[in-house]
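Engineer: Below are the structure tokens for one structure; questions will follow.
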Amino acid sequence: MAGLSIGGSAAASASRRTPDDLVKRAMTGLTPGRFVDAHNHVVGVGHGDSGCAVHPSMMDGIRHPFNWIRFRAYARASGIESLDSIDQDYMAVLRERVEALPHTGTHLLFAFDQVHGESGEPIPAHTVFYVPNDHMLRAVQTSDRFAACASIHPYRPDAVDEIHRMADAGAVAIKWLPNAMWIDPSSPRCIPAYKAMHDRKLTLISHGGEEQAVPSPDTQEYGNPLRLRLALHHGVQVVVAHCASYGRSLDLDKPSAPSTRSFDLFLRMMDDAQWSDQLYGELSAVLLFNRVRGVVDTLLRRTDLHPRLVHGSDYPIPGIDPLINLLQLWSLGLIEWADRAPLAALFRQNPLLGDFVLKRVLTVDGGPPIGFPPSVFCPPDSLFPVLNRPLAADG
């Protein structure tokens, strides 16, 4: 654990540490144009014919106060003052925040498909958020810093056709949140979609572990990372969002065993040599107060995994103040005390900037800052094969 007292000249130097100092440190070794943030949400309620929707409970503060508060927390974190034009204002603020960053890299924007039933029919009554692929594509066109990540429920009768349509439109990946979308990634119903993703070189970014941001009371097991093996068997490149860092899942390799920490199942998959060229972990949300303990220190120490980890912000989540607790991170020996105040200033200035810099200045057991390496933020072209990025030498 880091100590409160810092002696002599070291204390004076630490007290003068500024946000700019941390940004400079965070950018060291990075190629600015090859930066990738693999996890950014698009949000809307349907203004301007966007086609977006949220469940009515999110707008009903009388009968559903918790969901009402939840949605407004997302809006505040997104810099939105009024919900009257949230679909347009959300993207305007996100674009401004992205273009103010010290790098010139790429941010994947997520569509978010509806819940679909076993026979492939959409179920709006159980869909909490819906962001159509076409709205996401229009949002991507607003900045050269954005890239398209489509969301296509594999049970849809037109799933394969939609995968090809999105690939033709420039999508570089497919996003699933199985718990909230009612997708069992181990179901044979997914195989045609997996084959299409493989054919079009589209990476699957799929939530791992339990889900809290989107209510999923009866389908949490669909976030079990072991269920993604079917995608891997069909040649799909898979990114496990959040490194499955929260909750417990069934150990499908030992059906009689009690449920196991989802993060441990993720590590088991990462340690399986047959998936070393296909399976990645994504770092969004791993620093949230309810996930960080025993996860971030493990990932920092597992330097063998670093070439297969990728940065994601889960925007707008980093803008929700209580979720990333800098005092907690210091108490766990994950940041230096002198970095706490400048990090807080960076989060206030731009939550995307704060999230990025925090991951670059992390420590282990209160030791010297090591952070996640540049490779996590500037991943190889093989991660998203159809993403156009400048050559490394171009910076």
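To be explicit about the labels: the chains of the structure tokens are called A, B, and onward in the order shown, and within each one the residues are counted from 1, while ligands get numbers from 1 in the order they are shown.
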So that I can check the secondary structure, give me every residue of segment 168-212 of chain A assigned helix (DSSP H, G or I) by backbone DSSP, as a list of chain:residue names.

Structural biologist: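 Residues of segment 168-212 of chain A classed as helix (DSSP H, G or I): A:Asp168, A:Pro178, A:Asn179, A:Ala180, A:Met181, A:Pro188, A:Arg189, A:Cys190, A:Ile191, A:Pro192, A:Ala193, A:Tyr194, A:Lys195, A:Ala196, A:Met197, A:His198, A:Asp199, A:Arg200.
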
Engineer: Keeping C-alpha atoms for every residue in the selection just given, could you write it to a file as a PDB file, in the first residue's frame?

Structural biologist:
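Saved as part-v2.pdb:
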```pdb
ATOM      1  CA  ASP A 168     -19.684  -3.569 -47.150  1.00  0.00           C
ATOM      2  CA  PRO A 178     -25.140 -11.537 -24.709  1.00  0.00           C
ATOM      3  CA  ASN A 179     -26.632 -11.088 -21.235  1.00  0.00           C
ATOM      4  CA  ALA A 180     -28.778  -8.113 -22.293  1.00  0.00           C
ATOM      5  CA  MET A 181     -29.467  -9.227 -25.881  1.00  0.00           C
ATOM      6  CA  PRO A 188     -25.605 -23.616 -32.843  1.00  0.00           C
ATOM      7  CA  ARG A 189     -27.921 -20.788 -33.951  1.00  0.00           C
ATOM      8  CA  CYS A 190     -24.813 -18.574 -33.934  1.00  0.00           C
ATOM      9  CA  ILE A 191     -22.802 -20.676 -36.372  1.00  0.00           C
ATOM     10  CA  PRO A 192     -23.991 -19.009 -39.621  1.00  0.00           C
ATOM     11  CA  ALA A 193     -23.137 -15.611 -38.111  1.00  0.00           C
ATOM     12  CA  TYR A 194     -19.712 -16.883 -37.026  1.00  0.00           C
ATOM     13  CA  LYS A 195     -18.986 -18.153 -40.515  1.00  0.00           C
ATOM     14  CA  ALA A 196     -19.963 -14.780 -42.007  1.00  0.00           C
ATOM     15  CA  MET A 197     -17.805 -12.878 -39.481  1.00  0.00           C
ATOM     16  CA  HIS A 198     -14.848 -15.105 -40.311  1.00  0.00           C
ATOM     17  CA  ASP A 199     -15.363 -14.691 -44.059  1.00  0.00           C
ATOM     18  CA  ARG A 200     -15.519 -10.901 -43.750  1.00  0.00           C
TER      19      ARG A 200
END
```

Engineer: Can you list, as a VMD selection string, every protein, DNA or RNA residue that comes within 10 Å of segment 72-80 of chain A when you count only C-alpha atoms, leaving out same-chain residues fewer than 4 positions away?

Structural biologist: chain A and resid 43 to 44 58 to 59 67 to 68 84 to 87 89 to 94 97 213 315 to 321 350 to 351

Engineer: Restricting the calculation to only C-alpha atoms, which member of A:Ile205, A:Leu352, A:Val23, A:Leu252 is positioned closest to Gly281 of chain A?

Structural biologist: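 Nearest to Gly281 of chain A: A:Ile205.
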
Engineer: Find the residues near Thr298 of chain A: any atom within 12 Å, counting only C-alpha atoms, skip ones fewer than 3 places away on the same chain, and give them as a compact mmCIF listing (two decimals) with C-alpha atoms, in the first residue's frame.

Structural biologist:
```
# COMPACT_ATOMS: atom_id res chain seq x y z
CA CYS A 243 -11.75 -9.30 -19.46
CA SER A 245 -13.80 -9.02 -14.71
CA PHE A 263 -12.26 -13.59 -14.67
CA ASP A 264 -10.60 -16.90 -13.82
CA LEU A 267 -7.65 -16.38 -17.89
CA VAL A 286 -11.59 -3.12 -15.12
CA VAL A 292 -10.62 -3.70 -9.77
CA ARG A 293 -9.55 -5.80 -6.78
CA GLY A 294 -7.55 -8.86 -7.84
CA VAL A 295 -8.05 -8.07 -11.53
CA ARG A 301 1.75 -8.71 -13.63
CA ARG A 302 0.78 -11.03 -16.49
CA THR A 303 3.13 -9.42 -18.99
CA ASP A 304 2.78 -12.52 -21.19
CA LEU A 305 -0.81 -11.44 -21.87
CA HIS A 306 -0.07 -7.80 -22.67
CA LEU A 334 -2.39 0.88 -7.99
CA THR A 363 1.57 0.82 -10.27
CA VAL A 364 1.68 -2.57 -8.55
CA ASP A 365 1.85 -2.73 -4.76
CA PHE A 372 -0.21 -0.99 -19.37
```

Engineer: Could you find all residues in segment 84-308 of chain A that DSSP calls strand (DSSP E or B) from the backbone, and write them as a VMD selection string?

Structural biologist: chain A and resid 106 to 110 112 116 122 129 to 131 146 to 150 173 to 176 203 to 207 238 to 241 248 to 249 260 to 261 279 to 282

Engineer: Could you check the closest approach to Ser276 of chain A for each of A:Gly170, A:Pro307, A:Pro258, A:Pro217 and tell me which residue wins, using only C-alpha atoms?

Structural biologist: A:Pro307

Engineer: If you measure from atom CA of Leu358 of chain A to atom CA of Arg70 of chain A, what distance in Å do you get, rounded to one decimal?

Structural biologist: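 So the answer is 24.5 Å.
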
Engineer: So, with only C-alpha atoms as the atoms that count, which of A:Asp272, A:Glu336, A:Glu211, A:Asp184 lies closest to Leu230 of chain A?

Structural biologist: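 Comparing A:Asp272, A:Glu336, A:Glu211, A:Asp184 against Leu230 of chain A, the winner is A:Asp184.
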